[in-house]
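Asks: Take this structure, written in structure tokens, and hold onto it; I'll ask about it next.
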Amino acid sequence: DLRAALEMHYPGADWSDLPPVLRFASWIGGDRDGHPHVTPEVTHHTLATLRRAARRVYLDALARLRDHATQDVNEVGIVPGLADGLAPGHYPPHERYRAVLDTIWRRLDADDYPTGAALLADLRAVQASLRAHRGSRAASGALNRLIQQVTLFGLHLVPLEVRQDARLHAAAVDEILRHYEICPNYAGLPEEAKQTELICEIVNPRPLFPVEPEFSDDTNLIIETWRMIAAAHRRYGPPVIDTHIASMCTAPSDVLTMLLFAREVGVADHLDIVPLFETVDDLHNAAAVMERLFETPEYHDHLERRARNQQVMIGYSDSSKDGGYLASNWGLYGAQERLAAVCDRYGVALEVFHGRGGSIGRGGGPTNRAILSNPPAAMRGRIKITEQGEVIAYRYSNTEIARRHLHQVLHAALIAVGAPPAGTIDPNWHAVMDTLAETGRTAYRALVYETPGFLDYWQAATPIRELAAMPIGSRPARRGAGGFAQIRAIPWVFSWMQSRAIVPSWYGVGHALEHVCARDDCAGDGLVTLQTMYRDWLFFRALVDNVELDLAKADMGIAALYADLVEDADLRERIFGAIQAEHDRARAWICAITEQDDLLSGSPVMRRSIDRRNPYVDPLNFIQVALLRDLRAMEPGTPDHDAALQALMETVNGIAAGMKTTG
């Protein structure tokens with residue numbers, strides 16, 4: 001589609017060989033962050049499965065090409081040497097193109113191509129020969145489409161990304177250095193001293209990993225994972241695993257640890273080392289962390305070998321869970337601005353990796369709007385975005401919807417990079433956002449982190465305990481042992497979505513908007529300022545529109561049914577009263593800012609969709625509440641309990657499908 005548009009509007013140029021402008025990648029089978037079942041064996045199996053899938057598509061395409069390649073080389077000709085040494089098999093001697101394609105097919109069927117590049121070279125040789133001998137149509141049809149596929153997907157189908165918790169990496173370094181009596185307490189060192197120890201090991205030529213590791217299970221698994229990456233590169237080529245991400249990064253040492261391990265197994269020159277900054281505070285400090293790394297000679301040398309490209313992943317989920325929706329989104333915006341400025345100063349190409357979830361509370365919403373609302377400085381080149389959970393099915397299970405979605409993504413990326421919005425943002429708006437973010441964060445944390453009994457309320461008024469028992473293929477409900485901080489963002493949002501309260505995506509917004517509108521120093525009338533920001537600033541408009549959508553999807557009447565599951569009447573009234581009051585407050589101020597009579601008045605199609613969907617979802621919520629009440633009174637493990645649990649899971653699936661969001 002892009003080629004056709006370019007040929008139409010710029011007919012004088014040759015657009016036959018466009019470079020890839022859009023790629024897919026995956027971390028299914030590679031993301032082991034908190035997931036004990038994603039082992040090195042699982043990743044090896046995933047890579048083999050992806051390769052088989054790609055080969056199957058190419059074999060079918062080659063078979064069709066071979067069957068139709070009936071050109072007579074006595075008439076059209078063939079590049080000398082292209083068919084040398086080939087036995088014609090059961091094809092006539094003059095059908096040399098069929099013989100060549102059959103040879104390629106047989107080699108691919110035998111899995112004899114080491115990488116996609118080798119297969120691509122053979123296909124391009126056939127194409128070049130056809131183009132040189134009056135076969136332009138044949139060269140530009142199905143053969144060219146196959147070449148495009150191999151160019152984009154190789155023999156690995158998609159690059160697989162590996163992710164691990166930075167805290168497990170740090171624990172592994174601590175154990176290894178203590179074992180070799182290099183450092184008795186790496187974990188207890190100040191950050192600067194940690195960096196010094198890591199740099200000493202990075203430049204040290206002697207091996208760090210023993211041939212047969214005899215450490216703790218966690219450390220042994222870390223070593224085995226890095227060795228698995230090296231083995232995959234040797235077997236399939238570096239493109240099969242091109243990115244390693246460390247979640248919960250807080251300091252330069254977390255990134256240097258990845259560099260140390262990558263150097264140890266020999267993949268540092270072929271792998272993007274990517275920090276993931278997740279909490280509000282970590283997002284604020286991200287630019288300072290990267291600046292320290294750019295100042296480190298050993299990391300600078302690594303970047304030189306990686307064409308001075310730096311991926312940085314920013315987390316929408318944990319930052320929202322940590323500080324609420326406003327603080328998360330403003331923190332993400334500011335982090336991108338600061339990261340772009342640092343990368344510009346050091347001549348590094350920044351590639352922001354957006355860890356967006358499917359729900360509004362985890363960064364969801366229309367992708368094209370999200371791209372266009374990013375700070376212009378952060379859109380200097382490539383952008384990377386996660387597509388998670390139910391979003392994959394909604395966006396890609398229907399071919400035309402998938403095509404439309406990719407049109408919107410590519411359109412937004414082209415506009416953001418090639419035609420960024422003119423003018424500058426009013427500096428006062430940044431100050432307003434600072435106030436909104438901090439006020440929203442204070443209100444959110446006052447409820448979630450500081451209200452006595454809130455966790456008890458949450459566990460009683462949502463199906464979180466039951467969701468934790470689901471055989472979900474994503475990740476466990478917790479990263480590890482501990483309190484609320486260890487709860488994963490997915491079940492946190494999932495549970496509130498099931499109860500129809502959807503607290504994570506809007507709680508604190510009402511307090512923040514009301515506070516700004518009540519201030520006298522907000523460039524005059526606070527409401528007028530917010531209305532102007534909504535009209536003229538894409539970022540703020542996307543922020544408000546997303547909140548508006550989840551406020552409209554939330555149903556306080558249904559949420560009250562779940563609140564009745566809380567046995568402590570005082571706790572129930574205090575917390576649900578606060579939730580309901582904040583919903584009313586946010587609803588009123590969002591309508592005032594958008595100048596509407598009611599939520600989604602300006603989006604009648606979306607309003608109608610919600611109104612038509614609710615009558616089908618509401619009964620499932622009534623059934624789920626009844627099942628939760630019965631289930632929690634039963635003895636676990638009994639036949640009645642198991643039957644009730646199974647029925648409950650059916651309601652979970654139904655509500656998730658109706659709401660079009662899990663977590």
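Just remember, in the structure tokens the first chain shown is A, the second B, etc., residues are 1-based per chain, and ligands are 1-based in the order shown.
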Need the shell around A:His300: protein/DNA/RNA residues with any atom at most 12 Å away, counting only C-alpha atoms. Skip same-chain ones fewer than 3 positions apart. Format as a PyMOL selection string?
Replies: chain A and resi 256+259+290-297+303-310+346-348
Asks: Write down as a JSON list (two decimals) with C-alpha atoms, in the first residue's frame the residues of stretch 508-622 of chain A whose backbone DSSP state falls under helix (DSSP H, G or I).
Replies:
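Output saved as part24.json:
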```json
[["chain", "number", "residue", "atom", "x", "y", "z"],
["A", 509, "VAL", "CA", -7.95, 12.41, 38.11],
["A", 510, "GLY", "CA", -10.96, 14.12, 39.67],
["A", 511, "HIS", "CA", -8.95, 15.40, 42.62],
["A", 512, "ALA", "CA", -6.24, 16.72, 40.27],
["A", 513, "LEU", "CA", -8.58, 18.52, 37.88],
["A", 514, "GLU", "CA", -10.57, 20.04, 40.72],
["A", 515, "HIS", "CA", -7.37, 21.25, 42.41],
["A", 516, "VAL", "CA", -6.09, 22.99, 39.27],
["A", 517, "CYS", "CA", -9.42, 24.63, 38.56],
["A", 518, "ALA", "CA", -9.55, 25.97, 42.13],
["A", 526, "GLY", "CA", -7.89, 27.05, 35.64],
["A", 527, "LEU", "CA", -10.80, 25.54, 33.75],
["A", 528, "VAL", "CA", -10.16, 27.75, 30.72],
["A", 529, "THR", "CA", -6.50, 26.71, 30.78],
["A", 530, "LEU", "CA", -7.43, 23.04, 30.82],
["A", 531, "GLN", "CA", -9.93, 23.54, 28.02],
["A", 532, "THR", "CA", -7.24, 25.27, 25.95],
["A", 533, "MET", "CA", -4.78, 22.46, 26.66],
["A", 534, "TYR", "CA", -7.38, 19.92, 25.58],
["A", 535, "ARG", "CA", -8.01, 21.79, 22.34],
["A", 536, "ASP", "CA", -4.40, 22.58, 21.39],
["A", 538, "LEU", "CA", -2.37, 16.37, 21.44],
["A", 539, "PHE", "CA", -0.83, 14.81, 24.54],
["A", 540, "PHE", "CA", -3.39, 16.30, 26.93],
["A", 541, "ARG", "CA", -6.26, 15.54, 24.58],
["A", 542, "ALA", "CA", -5.27, 11.87, 24.36],
["A", 543, "LEU", "CA", -4.88, 11.76, 28.15],
["A", 544, "VAL", "CA", -8.36, 13.19, 28.76],
["A", 545, "ASP", "CA", -10.01, 11.10, 26.04],
["A", 546, "ASN", "CA", -8.61, 7.88, 27.48],
["A", 547, "VAL", "CA", -9.79, 8.74, 30.99],
["A", 548, "GLU", "CA", -13.20, 9.67, 29.60],
["A", 549, "LEU", "CA", -13.53, 6.29, 27.91],
["A", 550, "ASP", "CA", -12.85, 4.28, 31.06],
["A", 551, "LEU", "CA", -15.03, 6.53, 33.19],
["A", 552, "ALA", "CA", -17.83, 5.74, 30.73],
["A", 553, "LYS", "CA", -17.08, 2.01, 30.80],
["A", 556, "MET", "CA", -20.69, 2.18, 39.89],
["A", 557, "GLY", "CA", -23.93, 0.23, 40.26],
["A", 558, "ILE", "CA", -22.19, -3.02, 39.29],
["A", 559, "ALA", "CA", -19.14, -2.08, 41.36],
["A", 560, "ALA", "CA", -21.43, -1.69, 44.39],
["A", 561, "LEU", "CA", -22.48, -5.34, 44.04],
["A", 562, "TYR", "CA", -18.84, -6.35, 44.38],
["A", 563, "ALA", "CA", -18.37, -3.97, 47.30],
["A", 569, "ALA", "CA", -19.26, -2.61, 56.72],
["A", 570, "ASP", "CA", -17.13, 0.33, 57.87],
["A", 571, "LEU", "CA", -14.30, -0.61, 55.49],
["A", 572, "ARG", "CA", -16.77, -1.11, 52.66],
["A", 573, "GLU", "CA", -18.45, 2.25, 53.13],
["A", 574, "ARG", "CA", -15.19, 4.18, 53.52],
["A", 575, "ILE", "CA", -13.45, 2.80, 50.46],
["A", 576, "PHE", "CA", -16.35, 2.37, 48.09],
["A", 577, "GLY", "CA", -17.62, 5.79, 49.15],
["A", 578, "ALA", "CA", -14.25, 7.28, 48.18],
["A", 579, "ILE", "CA", -14.26, 5.43, 44.84],
["A", 580, "GLN", "CA", -17.79, 6.52, 43.98],
["A", 581, "ALA", "CA", -17.13, 10.13, 44.97],
["A", 582, "GLU", "CA", -13.98, 10.25, 42.85],
["A", 583, "HIS", "CA", -15.84, 8.78, 39.88],
["A", 584, "ASP", "CA", -18.48, 11.50, 40.17],
["A", 585, "ARG", "CA", -15.82, 14.17, 40.58],
["A", 586, "ALA", "CA", -13.76, 12.99, 37.59],
["A", 587, "ARG", "CA", -16.86, 12.63, 35.46],
["A", 588, "ALA", "CA", -17.95, 16.21, 36.17],
["A", 589, "TRP", "CA", -14.57, 17.77, 35.47],
["A", 590, "ILE", "CA", -13.91, 15.73, 32.32],
["A", 591, "CYS", "CA", -17.26, 16.89, 30.95],
["A", 592, "ALA", "CA", -16.38, 20.48, 31.86],
["A", 593, "ILE", "CA", -12.99, 20.30, 30.13],
["A", 594, "THR", "CA", -14.38, 18.66, 26.98],
["A", 604, "PRO", "CA", -21.79, 8.77, 19.75],
["A", 605, "VAL", "CA", -20.51, 5.59, 18.10],
["A", 606, "MET", "CA", -18.46, 4.66, 21.17],
["A", 607, "ARG", "CA", -21.32, 5.63, 23.48],
["A", 608, "ARG", "CA", -23.72, 3.46, 21.50],
["A", 609, "SER", "CA", -21.26, 0.54, 21.55],
["A", 610, "ILE", "CA", -21.04, 0.65, 25.36],
["A", 611, "ASP", "CA", -24.80, 1.02, 25.77],
["A", 612, "ARG", "CA", -25.48, -1.96, 23.52],
["A", 613, "ARG", "CA", -22.82, -4.12, 25.15],
["A", 614, "ASN", "CA", -23.72, -3.57, 28.79],
["A", 615, "PRO", "CA", -27.04, -5.51, 28.81],
["A", 616, "TYR", "CA", -25.08, -8.60, 27.79],
["A", 617, "VAL", "CA", -22.25, -8.09, 30.28],
["A", 618, "ASP", "CA", -24.28, -7.00, 33.33],
["A", 619, "PRO", "CA", -25.90, -10.42, 33.94],
["A", 620, "LEU", "CA", -22.46, -12.03, 33.95],
["A", 621, "ASN", "CA", -21.40, -9.66, 36.73],
["A", 622, "PHE", "CA", -24.47, -10.60, 38.80]]
```
Asks: Name the residues in contact with A:Thr651 at a cut-off of 12 Å, using only C-alpha atoms, excluding same-chain residues fewer than 5 positions from it; report them as a list in words.
Replies: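 Everything that qualifies: Pro463, Glu466, Leu467, Gln498, Ser499, Tyr616, Val617, Asp618, Pro619, Leu620, Asn621, Phe622, Ile623, Gln624, Val625, Ala626, Leu627, Leu628, Ala644, Leu645, Gln646, Ala656, Ala657, Gly658 and Met659 of chain A.
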Asks: Report as a list of chain:residue names all protein, DNA and RNA residues lying within 7 Å of A:Ala69, evaluated on only C-alpha atoms, omitting residues in the same chain fewer than 4 positions from it.
Replies: A:Leu65, A:Tyr97, A:Arg98
Asks: Under the rule that only C-alpha atoms are counted, which of A:Asp322, A:Asp555, A:Glu351, A:Asp242 is the nearest residue to A:Gln336?
Replies: A:Glu351
Asks: Hey, which of A:Ala460, A:Val57, A:Met313, A:Cys200 ends up closest to A:Leu155? Count only C-alpha atoms.
Replies: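 Comparing A:Ala460, A:Val57, A:Met313, A:Cys200 against A:Leu155, the winner is A:Val57.
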Asks: One decimal, in Å: what's the spacing between atom CA of A:Asp84 and atom CA of A:Val100?
Replies: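 Between these atoms lies a distance of 9.3 Å.
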Asks: Running DSSP on the backbone, which parts of stretch 288-523 of chain A land in strand (DSSP E), as a PyMOL selection string?
Replies: chain A and resi 309-315+349-355+383-385
Asks: Between atom CA of A:Val417 and atom CA of A:Asn374, what distance in Å does the model show, to one decimal?
Replies: 10.9 Å
Asks: So that I can see what lies close to A:Leu260, please list as a ChimeraX atom specification the residues with an atom at most 8 Å from it, counting only C-alpha atoms and leaving out residues fewer than 4 positions away in the same chain.
Replies: /A:198-199,201-202,256,264
Asks: The selected residues should be written to file as a compact mmCIF listing (two decimals), in the first residue's frame (atoms: N, CA and C atoms).
Replies:
```
# COMPACT_ATOMS: atom_id res chain seq x y z
N LEU A 198 31.79 -4.04 38.06
CA LEU A 198 31.30 -4.57 36.80
C LEU A 198 32.23 -4.24 35.65
N ILE A 199 32.75 -3.01 35.62
CA ILE A 199 33.66 -2.62 34.55
C ILE A 199 34.94 -3.44 34.60
N GLU A 201 35.20 -6.46 35.52
CA GLU A 201 34.89 -7.78 34.97
C GLU A 201 34.63 -7.72 33.47
N ILE A 202 34.05 -6.62 32.99
CA ILE A 202 33.79 -6.48 31.56
C ILE A 202 35.09 -6.50 30.76
N LEU A 256 24.94 -2.32 32.93
CA LEU A 256 26.30 -2.86 32.81
C LEU A 256 26.32 -4.36 33.10
N GLU A 264 30.41 -11.97 28.20
CA GLU A 264 30.88 -13.27 28.69
C GLU A 264 30.56 -14.40 27.71
```
